[in-house]
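Here the structure comes first, spelled out in structure tokens, and everything after it is commentary.
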Amino acid sequence: MTKIDIYSGFLGAGKTTLIKKMISEAYKGQKLVLIENEFGEIGIDGGFLQDAGINITEMNSGCICCSLVGDFGKALTQVITEYDPDRIIIEPSGVGKLSDVIAAVEKVTNNEVTLGYTVAVADAGKVKVYMKNFGEFYNNQIETASTIILSRTDSIPQSKLDTSVALIREHNAVATLVTTPWGELTGEQLIAAMEGKATLAAELARLEMERLAAEEHHHHHHEHDENCTCGCHDHDHEHHHHHDEDDHCCCHDHDHEHHHHDEDGHCCHHHHDEEHEHHHHEEGHCCHGHHHGDEGCHEHHHGHEDEHHCCEHHHHDHEEHEHHHHEHDEHCCCGHDHEHHHEHHHHHDHGEHCSCGHDHHHHHADEVFTSWGRETHLKFERSAIENALKELDSGKYGMVLRAKGILPCVDGTWIHFDMVPEEIDIRTGSADINGKLCVIGAQLDEAGVAALFGV
Amino acid sequence: MQQIPVYVFTGFLDSGKTKFIQETLEDSRFNDGERTLLLVFEEGEEEYDFSAYPKQNVNMEVLDQQTVTTKQLADLSKKYKAERVVAELNGMQQVGDLYMRMPEEWVVAQEVMFADASTFMAYNANMRNLVMDKLVGAQMVVFNRLEKGCDTMPFHKIARAANRKIDILYDYTDGSTEYDDIVDPLPFDINAPVIEVKDDDYAIWYRDCTEEPEKYDGKTVKFKAQVAMLRRDKDGMFAPGRFVMTCCVEDIAFCGIPCRYPKPREMESRSWVMVTAKISAEKHKLYKGDIGPVLTAIEVVKGAEPADPDVATF
């Protein structure tokens with residue numbers, strides 16, 4: 001298997017610096033080939049590459065008119081045959097269109113060779129002037145990349161960073177955007193960002209899970225049953241809205257649409273006012289089903305015969321059940337491993353769509369709970385966060401069930417906080433690719449919460 | 001028709017164009033009140049400060065270089081009754097494309113390129129066609145942000161290779177400036193009885209003798225070339241030459257010199273020959289009626305070993 005990663009970005013954006021960091025911190029142990037179609041200001045010296053066991057191939061002279069003509073595909077194929085690498089890292093010409101490079105790569109992809117990360121590196125201080133004066137190729141890099149990594153965010157004033165982030169979001173609302181100075185991040189964190197695991201959606205999901213875990217606990221104790229009014233119970237057979245085409249799901253069935261678009265009242269998480277939300281539902285549903293002890297799913301998992309409302313579309317035999325059962329661990333919406341399960345959902349369903357940095361809502365059927373999240377590149381005072389959390393806990397902004405944040409501070413450190421009613425935990429932690437704020441609550445005053453944190 | 005002089009400033013973003021134009025317009029020696037249309041095709045970090053100009057005679061318009069039309073330009077010039085135009089061009093666009101769209105009465109009076117020495121090498125390595133485009137047409141290039149005492153030779157070489165006549169100015173971080181006075185020796189001896197051009201030097205020789213044919217008038221030259229026929233001169237002439245690459249594969253062109261030779265049809269097109277010939281500076285159709293070098297063969301030896309690489313470069 002060979003994965004092909006592309007690091008685009010205009011001259012001087014810092015592509016080479018980033019690639020060096022990734023090679024020494026994140027691609028360890030992989031057989032790498034680096035294809036350079038640009039003569040960088042900072043050369044990747046031979047010694048460094050030799051030490052890392054990397055082969056380097058330089059393409060033609062690297063000027064606009066020559067890049068990507070003909071021999072690129074050939075060279076790529078040759079590299080794959082000759083070295084059979086785990087990864088090919090392409091540093092294309094800074095003035096080329098990323099979509100052209102991707103198209104060229106896609107010509108050589110097959111079962112064994114796949115497109116990996118598509119990254120755009122952008123100098124945070126130059127986004128505005130480059131967009132204004134370069135036009136197409138620059139915008140194309142921003143618009144096409146699945147991860148945008150800003151460089152030199154620590155050497156420009158906050159106002160300039162604000163402008164750059166806003167402009168980038170105008171052109172690409174969905175890419176994962178890294179605004180933290182690279183020095184504070186590890187290669188692993190950057191890889192997670194590139195894989196779409198470090199998104200706000202993922203963070204929201206984790207928070208939602210914590211809430212559910214807590215609630216499950218609560219359910220156990222209180223023997224919640226069908227009469228529960230929590231809005232999470234669903235005795236309808238179509239409880240499991242697993243329409244994401246995930247082959248491994250136990251609920252994988254043959255009438256997804258039906259599942260998804262049916263009566264709101266019956267299902268926990270129906271609420272479709274926008275795309276993003278749509279994507280969010282699944283993990284909520286599934287977990288709910290499980291957590292709340294919906295007989296169907298539970299029993300299904302445990303292999304009971306008289307099972308499962310939610311899975312009744314499966315008219316398969318016992319072996320198949322068993323089969324499904326094994327796969328649940330990793331993939332099933334009804335899986336037992338919630339952490340994993342969520343990760344997966346995010347990876348497959350949300351990764352591309354939900355890291356947009358806009359509000360993420362997570363409405364429940366009866367509109368009781370809302371989860372709200374924001375990505376931010378702003379820097380905070382510790383005391384301001386403390387005050388904001390106290391305020392949040394006061395009830396003025398709705399009944400906050402749970403809040404979580406990873407935020408950069410003005411002093412260069414990072415604050416991690418967790419909040420449940422009457423319990424606020426603020427601590428110093430490691431940096432993240434950007435700041436994240438997530439709140440779950442009832443009748444949340446979202447605008448108020450945003451204003452409270454100034455995001 | 002009243003001609004309108006156009007002062008053109010080229011170079012990449014952040015190369016110092018705006019700052020220079022601003023200072024020039026502040027200077028009463030350049031700006032003593034002529035109605036000036038300032039065209040801005042690139043908006044960088046620096047901004048124009050109209051309050052600093054000695055007279056209120058400058059009108060600025062920000063335009064898109066890629067889409068601006070002749071009519072738009074003519075209309076603007078009429079609107080402001082411009083007596084002259086100062087234009088800050090977009091570094092990512094070809095200068096010539098804009099010139100083609102300029103109104104007829106606009107005449108380029110001066111073209112100056114600015115280059116930030118700290119990024120120039122990377123730009124040149126990766127966007128050579130755009131760098132060449134700016135160097136080729138400019139009367140002067142200013143390399144700025146140079147550290148005093150640094151080696152200017154790499155800049156000199158690139159600028160000279162693109163444009164033999166360009167004035168080169170080095171602008172140092174300490175505020176001092178210096179004119180480039182490096183003389184480039186040609187890689188062949190033009191005073192030798194027979195000027196021997198090595199395979200690697202064809203491009204330089206071709207450019208030098210087409211730029212200054214008089215210098216070579218009456219001299220004898222020996223060089224290796226490929227045979228090309230001249231369409232209009234069916235008899236008694238061919239054009240020995242080489243494929244020359246200036247920037248990259250996209251601009252490879254055959255650069256041949258017309259040569260009188262009794263039996264050109266006996267030679268195979270594209271075959272390699274060693275030519276010894278006398279040069280004269282004459283008018284020729286190949287030079288569109290201008291004067292250029294025209295050869296008269298003394299000896300043409302067939303079956304020469306192809307040059308390696310076969311494409312000649314500077």
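Letters A, B, ... mark the chains of the structure tokens in the order given; residue numbers begin at 1 per chain; ligand numbers begin at 1, in order shown.
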
Query - Exercise answer, chain B residues close to chain A, 7 Å and only C-alpha atoms, as an MDAnalysis selection string - result: chainID B and resid 42:44 92 122 125:129 248:250

Practice task
Mind checking which residues fall within 8 Å of Asn163 in chain B, counting only C-alpha atoms, ignoring those fewer than 5 positions away in the same chain, and posting them as a PyMOL selection string?
Solution key: chain B and resi 135-137

Original post:
In Å, with one decimal, what is the gap from CA of Val300 in chain B to CA of Lys224 in chain B?
Top reply: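 Taking CA of Val300 in chain B as the start and CA of Lys224 in chain B as the end point, the length is 9.7 Å.
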
Notebook entry, point to check: Which residues come within 9 Å of Thr210 in chain B, counting only C-alpha atoms, excluding same-chain residues fewer than 3 positions away, as a ChimeraX atom specification?
Noted result: /B:205-207,213,257,291-293

Residues from the last selection, N, CA and C atoms, saved as a PDB file, in the first residue's frame:
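Okay, this is what ended up in result_22.pdb:
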```
ATOM      1  N   TRP B 205      26.263  33.174 -28.042  1.00  0.00           N
ATOM      2  CA  TRP B 205      26.764  33.722 -29.304  1.00  0.00           C
ATOM      3  C   TRP B 205      25.604  34.182 -30.186  1.00  0.00           C
ATOM      4  N   TYR B 206      24.572  33.371 -30.277  1.00  0.00           N
ATOM      5  CA  TYR B 206      23.423  33.716 -31.109  1.00  0.00           C
ATOM      6  C   TYR B 206      22.817  35.039 -30.651  1.00  0.00           C
ATOM      7  N   ARG B 207      22.657  35.164 -29.339  1.00  0.00           N
ATOM      8  CA  ARG B 207      22.039  36.385 -28.848  1.00  0.00           C
ATOM      9  C   ARG B 207      22.927  37.598 -29.097  1.00  0.00           C
ATOM     10  N   PRO B 213      24.825  42.929 -34.510  1.00  0.00           N
ATOM     11  CA  PRO B 213      25.411  42.301 -35.707  1.00  0.00           C
ATOM     12  C   PRO B 213      26.622  43.070 -36.251  1.00  0.00           C
ATOM     13  N   ILE B 257      20.553  31.077 -38.190  1.00  0.00           N
ATOM     14  CA  ILE B 257      21.062  32.279 -38.845  1.00  0.00           C
ATOM     15  C   ILE B 257      21.116  31.991 -40.353  1.00  0.00           C
ATOM     16  N   ILE B 291      18.328  44.817 -39.718  1.00  0.00           N
ATOM     17  CA  ILE B 291      19.678  44.297 -39.938  1.00  0.00           C
ATOM     18  C   ILE B 291      19.985  43.203 -38.931  1.00  0.00           C
ATOM     19  N   GLY B 292      20.588  42.142 -39.443  1.00  0.00           N
ATOM     20  CA  GLY B 292      20.990  41.047 -38.571  1.00  0.00           C
ATOM     21  C   GLY B 292      22.165  40.318 -39.204  1.00  0.00           C
ATOM     22  N   PRO B 293      22.680  39.343 -38.508  1.00  0.00           N
ATOM     23  CA  PRO B 293      23.823  38.620 -39.087  1.00  0.00           C
ATOM     24  C   PRO B 293      23.379  37.701 -40.233  1.00  0.00           C
TER      25      PRO B 293
END
```

Would you work out the distance separating CA of Glu170 in chain A from CA of Ile156 in chain A, expressed in Å to one decimal?
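If I compute the distance from CA of Glu170 in chain A to CA of Ile156 in chain A, I get 20.4 Å.
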
Give me every strand (DSSP E) residue in range 32-221 of chain B, going by DSSP on the backbone, as number ranges by chain.
-> B: 36-40, 58-62, 84-88, 106-116, 140-146, 167-172, 177-179, 195-196, 220-221

_Residues near Asp208 in chain B, anyone? I mean within 12 Å using only C-alpha atoms, not counting same-chain ones fewer than 3 positions away, as a list in words._
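My list of contacting residues is Arg160, Ala161, Ala162, Asn163, Arg164, Lys165, Asp184, Pro185, Leu186, Pro187, Phe188, Ile190, Val197, Asp201, Tyr202, Ala203, Ile204, Trp205, Glu211, Glu212, Pro213, Glu214, Lys215, Tyr216, Gly292, Pro293 and Phe314 of chain B.
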
Generate a file of the selected residues that holds C-alpha atoms, formatted as a compact mmCIF listing (two decimals), in the first residue's frame.
```txt
# COMPACT_ATOMS: atom_id res chain seq x y z
CA ARG B 160 22.46 39.77 -17.49
CA ALA B 161 21.52 36.40 -18.91
CA ALA B 162 18.00 37.71 -19.44
CA ASN B 163 18.85 41.20 -20.63
CA ARG B 164 22.21 42.36 -21.84
CA LYS B 165 21.41 46.03 -21.61
CA ASP B 184 30.91 40.04 -18.64
CA PRO B 185 33.56 38.57 -20.87
CA LEU B 186 32.11 36.60 -23.75
CA PRO B 187 33.05 32.93 -23.58
CA PHE B 188 34.67 33.15 -27.03
CA ILE B 190 35.60 37.73 -31.07
CA VAL B 197 31.88 28.89 -30.61
CA ASP B 201 28.02 28.75 -25.86
CA TYR B 202 25.74 28.75 -28.89
CA ALA B 203 22.88 30.51 -27.16
CA ILE B 204 25.12 33.32 -25.91
CA TRP B 205 26.76 33.72 -29.30
CA GLU B 211 21.71 41.97 -30.84
CA GLU B 212 24.88 43.58 -32.16
CA PRO B 213 25.41 42.30 -35.71
CA GLU B 214 27.72 45.20 -36.63
CA LYS B 215 30.22 44.01 -34.06
CA TYR B 216 30.59 40.80 -36.05
CA GLY B 292 20.99 41.05 -38.57
CA PRO B 293 23.82 38.62 -39.09
CA PHE B 314 22.31 30.27 -21.58
```

*Record the distance separating CA of Asp199 in chain B and CA of Ile252 in chain B, expressed in Å with one decimal.*
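Separating CA of Asp199 in chain B from CA of Ile252 in chain B is a distance of 16.5 Å.
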
Could you pull out the alpha helix (DSSP H) residues of range 99-170 of chain B, going by DSSP on the backbone, and write them as a VMD selection string? chain B and resid 99 117 to 126 128 to 137 153 to 162

Using C-alpha atoms, can you write the selected residues to a file as a PDB file, in the first residue's frame?
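And here's selection-v5.pdb as it stands now:
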```
ATOM      1  CA  TYR B  99       1.203  46.210 -23.164  1.00  0.00           C
ATOM      2  CA  ALA B 117      16.982  39.897  -2.970  1.00  0.00           C
ATOM      3  CA  SER B 118      15.910  37.658  -0.093  1.00  0.00           C
ATOM      4  CA  THR B 119      13.198  35.930  -2.140  1.00  0.00           C
ATOM      5  CA  PHE B 120      14.495  36.504  -5.664  1.00  0.00           C
ATOM      6  CA  MET B 121      16.470  33.267  -5.944  1.00  0.00           C
ATOM      7  CA  ALA B 122      13.517  31.131  -4.884  1.00  0.00           C
ATOM      8  CA  TYR B 123      11.211  32.970  -7.255  1.00  0.00           C
ATOM      9  CA  ASN B 124      13.699  32.595 -10.043  1.00  0.00           C
ATOM     10  CA  ALA B 125      14.117  28.890  -9.403  1.00  0.00           C
ATOM     11  CA  ASN B 126      10.398  28.233  -9.350  1.00  0.00           C
ATOM     12  CA  ARG B 128      11.588  31.529 -14.011  1.00  0.00           C
ATOM     13  CA  ASN B 129       9.243  32.459 -16.820  1.00  0.00           C
ATOM     14  CA  LEU B 130       7.707  35.243 -14.731  1.00  0.00           C
ATOM     15  CA  VAL B 131      11.105  36.463 -13.542  1.00  0.00           C
ATOM     16  CA  MET B 132      12.458  36.440 -17.098  1.00  0.00           C
ATOM     17  CA  ASP B 133       9.385  38.257 -18.327  1.00  0.00           C
ATOM     18  CA  LYS B 134      10.121  41.147 -15.978  1.00  0.00           C
ATOM     19  CA  LEU B 135      13.874  41.228 -16.589  1.00  0.00           C
ATOM     20  CA  VAL B 136      13.697  41.010 -20.361  1.00  0.00           C
ATOM     21  CA  GLY B 137      11.739  44.216 -20.862  1.00  0.00           C
ATOM     22  CA  MET B 153      27.302  37.977  -8.710  1.00  0.00           C
ATOM     23  CA  PRO B 154      24.352  35.517  -8.641  1.00  0.00           C
ATOM     24  CA  PHE B 155      21.927  38.404  -9.179  1.00  0.00           C
ATOM     25  CA  HIS B 156      24.108  39.918 -11.837  1.00  0.00           C
ATOM     26  CA  LYS B 157      24.280  36.669 -13.755  1.00  0.00           C
ATOM     27  CA  ILE B 158      20.529  36.105 -13.812  1.00  0.00           C
ATOM     28  CA  ALA B 159      19.773  39.689 -14.812  1.00  0.00           C
ATOM     29  CA  ARG B 160      22.455  39.772 -17.490  1.00  0.00           C
ATOM     30  CA  ALA B 161      21.518  36.401 -18.914  1.00  0.00           C
ATOM     31  CA  ALA B 162      18.001  37.710 -19.439  1.00  0.00           C
TER      32      ALA B 162
END
```

Surrounding residues of Lys55 in chain B excluding itself and chain neighbours under 6 positions, 10 Å, only C-alpha atoms, as a list in words: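 Neighbouring residues, sequence-local ones excluded: Leu25, Glu26, Ser28, Asn31, Asp32, Gly33, Glu34 and Arg35 of chain B.
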
* **Distance query Thr144 in chain A at most 9 Å, only C-alpha atoms, self and fewer than 2 positions along chain excluded, as a PyMOL selection string** => chain A and resi 97-99+118-120+139-142+146-147+172+175

Quick one: residues within 7 Å of Gln139 in chain B, only C-alpha atoms, excluding same-chain residues fewer than 2 positions away - as a ChimeraX atom specification? /B:110-112,137,166-167
